[in-house]
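Before any comments, here is the structure.
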Amino acid sequence: MTSKNVLNIHDDSGALERITFEGGIDVSAREDHASTVTVQRSGIDFVVTFDSNRRLTPAVAGVFSRRSGGAGHAYGGWVDSSLPEGLNFTFKVKLHFATSRGAGSVLLNVAQGNRLPHNNWWLGGPSIDSNQKLLRVPLGTDGANELVIPLSGTYDSFTFNAGTIRPKFPIQHVFVLMLENHSFDNIFAMSGIPGITAATPTTDINRHNGQSYPVSKPAPVAMPTDPGHEFEDVLVQLAGTGATYPPQGPYPEIIRAGYVDNYATVPETPAADVGKVMACFDTPTQLPVLNALARNFLLCDHWFSSMPGPTWPNRFFVHGASSSGLDHSPSLRELLTWSTVHGFVYPNGSIFDALDNEGIPYGLYNDEHSQFARRHLHVEDGGNIPQVAAIKGVSRMDVKDIGKLAEDLAGSYQPAYTFIEPNYGDVVAETYRHGSSQHPMDETCGAEGLVKFVYETLRNSPVWQNSLLIITYDEHGGFYDSQSPQALPKPNDRSGPLGLNTHGFAFDLSGVRVPAIAISPWLAAEVDHTVYDHSSVLATVEVLFGLRPLTDRDRAAKSLTAKLLKTPRSDCPQKLPDPVPPPPLASDADAEARQFALRATEPLPRQGNLPGVLGIALKTALELAGDDAVAQLAVRHRFEQLRTRGDARAYLAEISAQVTAAKLQAAATPEEGDAAS
């Protein structure tokens, strides 16, 4: 005597035409069952019935898991667990769909488990994306499009919600690694890569104090001082000494003649070194890691930073296709304003908000311990603080150390979008040494080591075949580039709620060109002359995962999906060259500590990267304090006591210790609930 088992499927997509039984019955041993499955349809409701006795066994769960493709490809509408530990039975059905863009079908494994008082049903198969709770149906004979159906359900019924038809792409995971402060020409002009648009010594020259400074090689491993890259600096670099920008523009004529003039104004820059902003790396010998990637994948030689200014607004653009009006490095006053709203606010939200709204997971990593530099930094140096944690809704608690990436990728990696930050070096002393961001004053080996690690970890992981890695730089860092910024659409997301536009910039012009390499088995090894800016990261993610544009900037931005191949490559290198070892240190760690001791009593700068890092630390402390008003008041009072660089160093160590303790506590806390069946 068998029991009747009934699964109901409600099709709000309007595309499901029929369901056919395809065999594959597997039942727990010694349990009676029917030899077929029946399907009845009434309008948009389908009833699937299978007569069988019920006994939960791991053996049937194993069959279901193998047939479905493992974790990430099984959906139970009543539970978050991605795979059952025991099942009563499983069988196969085919779902047949018809749309205006063509027909398609998918083979699904159907299974039942039980936990009192219910019998619980599962769907599984390669077409199921349990992380995003989607069913993907290829359409047409060429499969160029797919029907994407959101799933919902209960223990004995599933709903196929209204679907959308999208171009079908092989990319399921996008990774972005953003480094610091170099122009395209500074990195690649002397690379010898055929076909790139690059500076030449005969055509690209600046003059200063009667002397000519053409582009040349090699570039110094580390600059003696930090070239200017604030809005006013870039204005001089692009338009020449004396150029002015009227509020809302237009930007003055761009002649690219002021790079050396501007660098000569940076305090403590030796007169003999002013031409170093024109120097370019001998890429094959100085930057072998980046050189190998540029020659093996898609080198984008017209990728521009998003506005002619510094790190912070350009990094905000990659997260929201806007900087909310910010056109300069943040000040302490502005950061205190952000902290009252628990972070930097975008009028239309960030890409992380958009992903959250669609139930699409994302991941955040940073090189917390500067593990690729020759000398590991301490947490009080500030380089371990991820800039993305400045954004409202993103916490430093969300960011993992890059050392965990290999372990995460080896498992069932869920994030569709992953953003990776380097270690920024010694931010408190503002030397930026011993990091992995490739800041101009730091050695190049740390960033090369980070790039090599990220690429090789991804390349040799289970997700490589369906991944895209974008490596780029936030802005040009004051280095010469031969290409003029591009006219781009304004974000048109209102002026921003925080009153941050101090120069009246109209955001209708890109910044200076920066290096960018797009890496995937689905991309050719070639030079791409398409004009991109950092909003192209968002445009690519939005096309791949069906998200709406955040602003007019990413709505108009070019997506890398246009460059995807029809079939994947099999010749992508598994390993990259090692970074070039750095020259011997001029001083030891004790000497650097003594040097900082002489500066410890310096007052905090009112604007720049150190105030920005301190602001993120304050935001983090407020988040850790929770809703306790007394604790929040104490956090603010502690912050208001900061006066000097020495105070900043102690404060950053204090907050980092709190973060470490909170993460350890979270890791030690067992998750609620047990395995589902």
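Following the order of the structure tokens, first chain is A, next is B, and so on, with residues numbered from 1 inside each chain and ligands from 1 in the order they appear.
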
Residues near Ala662 in chain A, anyone? I mean within 12 Å using only C-alpha atoms, not counting same-chain ones fewer than 2 positions away, as a short mmCIF file (atom, residue, chain, number, x, y, z; two decimals) with all heavy atoms, in the first residue's frame.
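The resulting file, around.cif, is reproduced below:
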```
data_model
loop_
_atom_site.label_atom_id
_atom_site.label_comp_id
_atom_site.auth_asym_id
_atom_site.auth_seq_id
_atom_site.Cartn_x
_atom_site.Cartn_y
_atom_site.Cartn_z
N ARG A 396 32.52 47.15 8.09
CA ARG A 396 33.84 46.51 8.11
C ARG A 396 33.74 45.06 8.54
O ARG A 396 34.58 44.23 8.18
CB ARG A 396 34.75 47.29 9.05
CG ARG A 396 36.22 46.90 8.95
CD ARG A 396 37.08 47.84 9.76
NE ARG A 396 38.41 47.32 9.98
CZ ARG A 396 39.28 47.85 10.81
NH1 ARG A 396 38.96 48.93 11.50
NH2 ARG A 396 40.48 47.31 10.96
N MET A 397 32.69 44.73 9.27
CA MET A 397 32.46 43.34 9.67
C MET A 397 32.14 42.46 8.47
O MET A 397 32.26 41.24 8.54
CB MET A 397 31.32 43.27 10.69
CG MET A 397 31.65 43.89 12.03
SD MET A 397 32.81 42.89 12.98
CE MET A 397 31.77 41.47 13.35
N ASP A 398 31.71 43.06 7.37
CA ASP A 398 31.37 42.30 6.16
C ASP A 398 32.59 41.92 5.33
O ASP A 398 32.48 41.11 4.41
CB ASP A 398 30.43 43.13 5.25
CG ASP A 398 29.13 43.51 5.93
OD1 ASP A 398 28.67 42.74 6.79
OD2 ASP A 398 28.59 44.58 5.60
N THR A 620 32.62 52.32 12.11
CA THR A 620 32.70 50.94 12.58
C THR A 620 32.41 50.87 14.08
O THR A 620 31.66 49.99 14.53
CB THR A 620 34.10 50.37 12.29
OG1 THR A 620 34.35 50.44 10.89
CG2 THR A 620 34.20 48.93 12.75
N ALA A 621 32.99 51.78 14.85
CA ALA A 621 32.77 51.78 16.30
C ALA A 621 31.30 52.02 16.63
O ALA A 621 30.74 51.41 17.55
CB ALA A 621 33.65 52.84 16.96
N GLU A 623 28.77 51.22 14.70
CA GLU A 623 28.05 49.99 14.34
C GLU A 623 28.21 48.93 15.43
O GLU A 623 27.25 48.24 15.78
CB GLU A 623 28.57 49.46 13.00
CG GLU A 623 28.18 50.33 11.82
CD GLU A 623 28.96 50.01 10.55
OE1 GLU A 623 29.96 49.25 10.62
OE2 GLU A 623 28.59 50.51 9.49
N LEU A 624 29.41 48.81 15.97
CA LEU A 624 29.64 47.82 17.02
C LEU A 624 28.91 48.18 18.30
O LEU A 624 28.54 47.30 19.09
CB LEU A 624 31.14 47.68 17.29
CG LEU A 624 31.97 47.07 16.16
CD1 LEU A 624 33.45 47.09 16.51
CD2 LEU A 624 31.53 45.64 15.87
N ALA A 625 28.67 49.47 18.51
CA ALA A 625 27.95 49.92 19.70
C ALA A 625 26.46 49.60 19.62
O ALA A 625 25.77 49.59 20.65
CB ALA A 625 28.15 51.41 19.91
N ILE A 655 40.23 50.28 17.53
CA ILE A 655 39.04 49.86 16.77
C ILE A 655 39.30 48.54 16.05
O ILE A 655 38.42 47.67 15.98
CB ILE A 655 38.60 50.95 15.78
CG1 ILE A 655 38.34 52.27 16.52
CG2 ILE A 655 37.37 50.51 15.01
CD1 ILE A 655 37.33 52.16 17.66
N SER A 656 40.52 48.36 15.53
CA SER A 656 40.84 47.09 14.88
C SER A 656 40.74 45.93 15.85
O SER A 656 40.29 44.83 15.50
CB SER A 656 42.23 47.15 14.25
OG SER A 656 42.23 47.96 13.10
N ALA A 657 41.17 46.15 17.09
CA ALA A 657 41.05 45.10 18.10
C ALA A 657 39.58 44.77 18.37
O ALA A 657 39.22 43.60 18.55
CB ALA A 657 41.75 45.54 19.39
N GLN A 658 38.73 45.79 18.40
CA GLN A 658 37.29 45.55 18.60
C GLN A 658 36.70 44.74 17.44
O GLN A 658 35.88 43.84 17.66
CB GLN A 658 36.57 46.88 18.75
CG GLN A 658 36.91 47.65 20.00
CD GLN A 658 36.18 48.98 20.07
OE1 GLN A 658 35.18 49.21 19.37
NE2 GLN A 658 36.67 49.89 20.90
N VAL A 659 37.12 45.08 16.21
CA VAL A 659 36.63 44.35 15.04
C VAL A 659 37.07 42.89 15.10
O VAL A 659 36.27 41.97 14.87
CB VAL A 659 37.12 45.01 13.75
CG1 VAL A 659 36.80 44.15 12.53
CG2 VAL A 659 36.48 46.38 13.58
N THR A 660 38.33 42.67 15.43
CA THR A 660 38.85 41.29 15.51
C THR A 660 38.07 40.50 16.55
O THR A 660 37.67 39.34 16.31
CB THR A 660 40.34 41.31 15.87
OG1 THR A 660 41.06 41.99 14.84
CG2 THR A 660 40.88 39.90 16.01
N LEU A 664 35.67 37.22 15.83
CA LEU A 664 35.92 35.94 16.50
C LEU A 664 34.67 35.48 17.24
O LEU A 664 34.32 34.30 17.22
CB LEU A 664 37.09 36.08 17.47
CG LEU A 664 38.48 36.20 16.85
CD1 LEU A 664 39.52 36.50 17.91
CD2 LEU A 664 38.85 34.92 16.10
N GLN A 665 33.98 36.41 17.87
CA GLN A 665 32.75 36.05 18.57
C GLN A 665 31.68 35.58 17.60
O GLN A 665 30.98 34.60 17.85
CB GLN A 665 32.24 37.24 19.37
CG GLN A 665 30.97 36.92 20.18
CD GLN A 665 30.50 38.11 21.00
OE1 GLN A 665 31.10 39.19 20.96
NE2 GLN A 665 29.42 37.93 21.74
N ALA A 666 31.56 36.27 16.46
CA ALA A 666 30.57 35.86 15.46
C ALA A 666 30.89 34.49 14.90
O ALA A 666 29.99 33.67 14.67
CB ALA A 666 30.52 36.89 14.33
N ALA A 667 32.18 34.20 14.68
CA ALA A 667 32.57 32.89 14.15
C ALA A 667 32.31 31.78 15.15
O ALA A 667 32.04 30.63 14.78
CB ALA A 667 34.04 32.91 13.76
N ALA A 668 32.40 32.11 16.45
CA ALA A 668 32.22 31.09 17.49
C ALA A 668 30.77 30.85 17.83
O ALA A 668 30.43 29.87 18.51
CB ALA A 668 32.98 31.50 18.75
N THR A 669 29.88 31.74 17.37
CA THR A 669 28.46 31.60 17.69
C THR A 669 27.82 30.62 16.73
O THR A 669 27.82 30.85 15.52
CB THR A 669 27.75 32.96 17.59
OG1 THR A 669 28.40 33.89 18.46
CG2 THR A 669 26.28 32.82 17.97
#
```

Exercise for the section: Enumerate, as a list in words, the complete set of residues in range 493-592 of chain A that a backbone-based DSSP assignment places in strand (DSSP E or B). Expected result: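 In range 493-592 of chain A, DSSP puts these residues in strand (DSSP E or B): Leu509, Arg513, Ala516, Ile517, Ala518, Ile519, Glu526, Val527, Asp528, Tyr532 and Asp533 of chain A.
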
Handout entry: Residues flagged helix (DSSP H, G or I) by DSSP in range 306-458 of chain A, as a count of residues only
Key = 59

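Distances here use only C-alpha atoms; by that measure, the residue among A:Ala29, A:Ile616, A:Met278, A:Ala600 closest to Tyr213 in chain A is A:Met278.
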
Completion exercise
Taken to one decimal, the CA of Leu287 in chain A-CA of Val514 in chain A distance is 15.6 Å

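The space separating CA of Trp121 in chain A from CA of Val48 in chain A comes to 11.2 Å.
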
Problem - Ile9 in chain A surroundings by only C-alpha atoms, 6 Å radius, close-in-sequence under 4 positions cut, as an MDAnalysis selection string - result: chainID A and resid 45:46 157:159

Problem - Using only C-alpha atoms: which of A:Asp12, A:Asp356, A:Asp32, A:Asp493 has the shortest distance to Gly325 in chain A - result: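 Distance minimum relative to Gly325 in chain A lands on A:Asp493.
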
Exercise for the section: Tell me, as an NGL selection string, which residues lie within 10 Å of Leu550 in chain A, counting only C-alpha atoms; anything in the same chain fewer than 6 positions away does not count. Expected result: :A and (319-322 or 346-351 or 354 or 491-493 or 535 or 538-539 or 542)

Output of the above residues as a PDB file, in the first residue's frame, restricted to N, CA and C atoms:
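Everything below was put into out04.pdb:
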```pdb
ATOM      1  N   HIS A 319      31.264  52.069  -6.947  1.00  0.00           N
ATOM      2  CA  HIS A 319      30.234  51.430  -6.123  1.00  0.00           C
ATOM      3  C   HIS A 319      28.833  51.984  -6.383  1.00  0.00           C
ATOM      4  N   GLY A 320      28.715  53.155  -7.055  1.00  0.00           N
ATOM      5  CA  GLY A 320      27.389  53.738  -7.199  1.00  0.00           C
ATOM      6  C   GLY A 320      27.167  54.573  -8.439  1.00  0.00           C
ATOM      7  N   ALA A 321      28.109  54.562  -9.408  1.00  0.00           N
ATOM      8  CA  ALA A 321      28.000  55.373 -10.628  1.00  0.00           C
ATOM      9  C   ALA A 321      27.758  56.844 -10.293  1.00  0.00           C
ATOM     10  N   SER A 322      28.278  57.259  -9.161  1.00  0.00           N
ATOM     11  CA  SER A 322      28.133  58.617  -8.657  1.00  0.00           C
ATOM     12  C   SER A 322      29.053  58.748  -7.457  1.00  0.00           C
ATOM     13  N   TYR A 346      24.373  57.362  -1.121  1.00  0.00           N
ATOM     14  CA  TYR A 346      24.074  57.612  -2.535  1.00  0.00           C
ATOM     15  C   TYR A 346      22.580  57.912  -2.656  1.00  0.00           C
ATOM     16  N   PRO A 347      22.202  58.927  -3.434  1.00  0.00           N
ATOM     17  CA  PRO A 347      20.771  59.195  -3.607  1.00  0.00           C
ATOM     18  C   PRO A 347      19.986  57.985  -4.109  1.00  0.00           C
ATOM     19  N   ASN A 348      20.596  57.195  -5.014  1.00  0.00           N
ATOM     20  CA  ASN A 348      19.903  56.036  -5.575  1.00  0.00           C
ATOM     21  C   ASN A 348      20.420  54.714  -5.014  1.00  0.00           C
ATOM     22  N   GLY A 349      21.211  54.783  -3.969  1.00  0.00           N
ATOM     23  CA  GLY A 349      21.755  53.560  -3.399  1.00  0.00           C
ATOM     24  C   GLY A 349      23.012  53.099  -4.126  1.00  0.00           C
ATOM     25  N   SER A 350      23.698  52.137  -3.532  1.00  0.00           N
ATOM     26  CA  SER A 350      24.927  51.577  -4.093  1.00  0.00           C
ATOM     27  C   SER A 350      24.626  50.278  -4.839  1.00  0.00           C
ATOM     28  N   ILE A 351      25.638  49.734  -5.486  1.00  0.00           N
ATOM     29  CA  ILE A 351      25.483  48.441  -6.151  1.00  0.00           C
ATOM     30  C   ILE A 351      25.179  47.361  -5.126  1.00  0.00           C
ATOM     31  N   ALA A 354      21.534  47.445  -4.508  1.00  0.00           N
ATOM     32  CA  ALA A 354      20.821  46.853  -5.643  1.00  0.00           C
ATOM     33  C   ALA A 354      20.888  45.329  -5.599  1.00  0.00           C
ATOM     34  N   PRO A 491      25.671  61.967 -13.773  1.00  0.00           N
ATOM     35  CA  PRO A 491      24.868  60.927 -13.102  1.00  0.00           C
ATOM     36  C   PRO A 491      23.394  61.292 -13.006  1.00  0.00           C
ATOM     37  N   ASN A 492      23.096  62.610 -12.850  1.00  0.00           N
ATOM     38  CA  ASN A 492      21.702  63.057 -12.732  1.00  0.00           C
ATOM     39  C   ASN A 492      20.952  62.314 -11.634  1.00  0.00           C
ATOM     40  N   ASP A 493      21.626  62.164 -10.498  1.00  0.00           N
ATOM     41  CA  ASP A 493      20.983  61.519  -9.351  1.00  0.00           C
ATOM     42  C   ASP A 493      20.740  62.532  -8.243  1.00  0.00           C
ATOM     43  N   SER A 535      32.147  53.294 -14.062  1.00  0.00           N
ATOM     44  CA  SER A 535      30.739  52.901 -14.113  1.00  0.00           C
ATOM     45  C   SER A 535      30.522  51.700 -15.016  1.00  0.00           C
ATOM     46  N   LEU A 538      29.798  48.632 -13.069  1.00  0.00           N
ATOM     47  CA  LEU A 538      28.390  48.493 -12.700  1.00  0.00           C
ATOM     48  C   LEU A 538      27.547  48.092 -13.905  1.00  0.00           C
ATOM     49  N   ALA A 539      27.818  48.689 -15.056  1.00  0.00           N
ATOM     50  CA  ALA A 539      27.063  48.336 -16.259  1.00  0.00           C
ATOM     51  C   ALA A 539      27.208  46.852 -16.563  1.00  0.00           C
ATOM     52  N   GLU A 542      25.249  44.852 -13.977  1.00  0.00           N
ATOM     53  CA  GLU A 542      23.809  45.027 -14.187  1.00  0.00           C
ATOM     54  C   GLU A 542      23.311  44.201 -15.366  1.00  0.00           C
TER      55      GLU A 542
END
```

Practice task
Just give me the gap between CA of Asn384 in chain A and CA of Ala648 in chain A in Å, one decimal is fine.
Solution key: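 Between these atoms lies a distance of 14.0 Å.
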
Exercise for the section: Select, from A:Val527, A:Leu179, A:Leu326, A:Leu336, the residue with the minimum atom-to-atom distance to Glu475 in chain A, counting only C-alpha atoms. Expected result: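 Under the stated criterion, the closest residue is A:Leu179.
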
Practice task
Compare A:Gln414, A:Phe297, A:Ile470, A:Gly343 by their minimum atom-to-atom distance to Leu622 in chain A, counting only C-alpha atoms, and give me the closest one.
Solution key: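 Closest to Leu622 in chain A of all the choices is A:Gly343.
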
Practice task
Within 9 Å of Pro582 in chain A, counting only C-alpha atoms, which residues show up once you throw out same-chain ones fewer than 5 positions away? Write them as a PyMOL selection string, please.
Solution key: chain A and resi 221+374+443-445
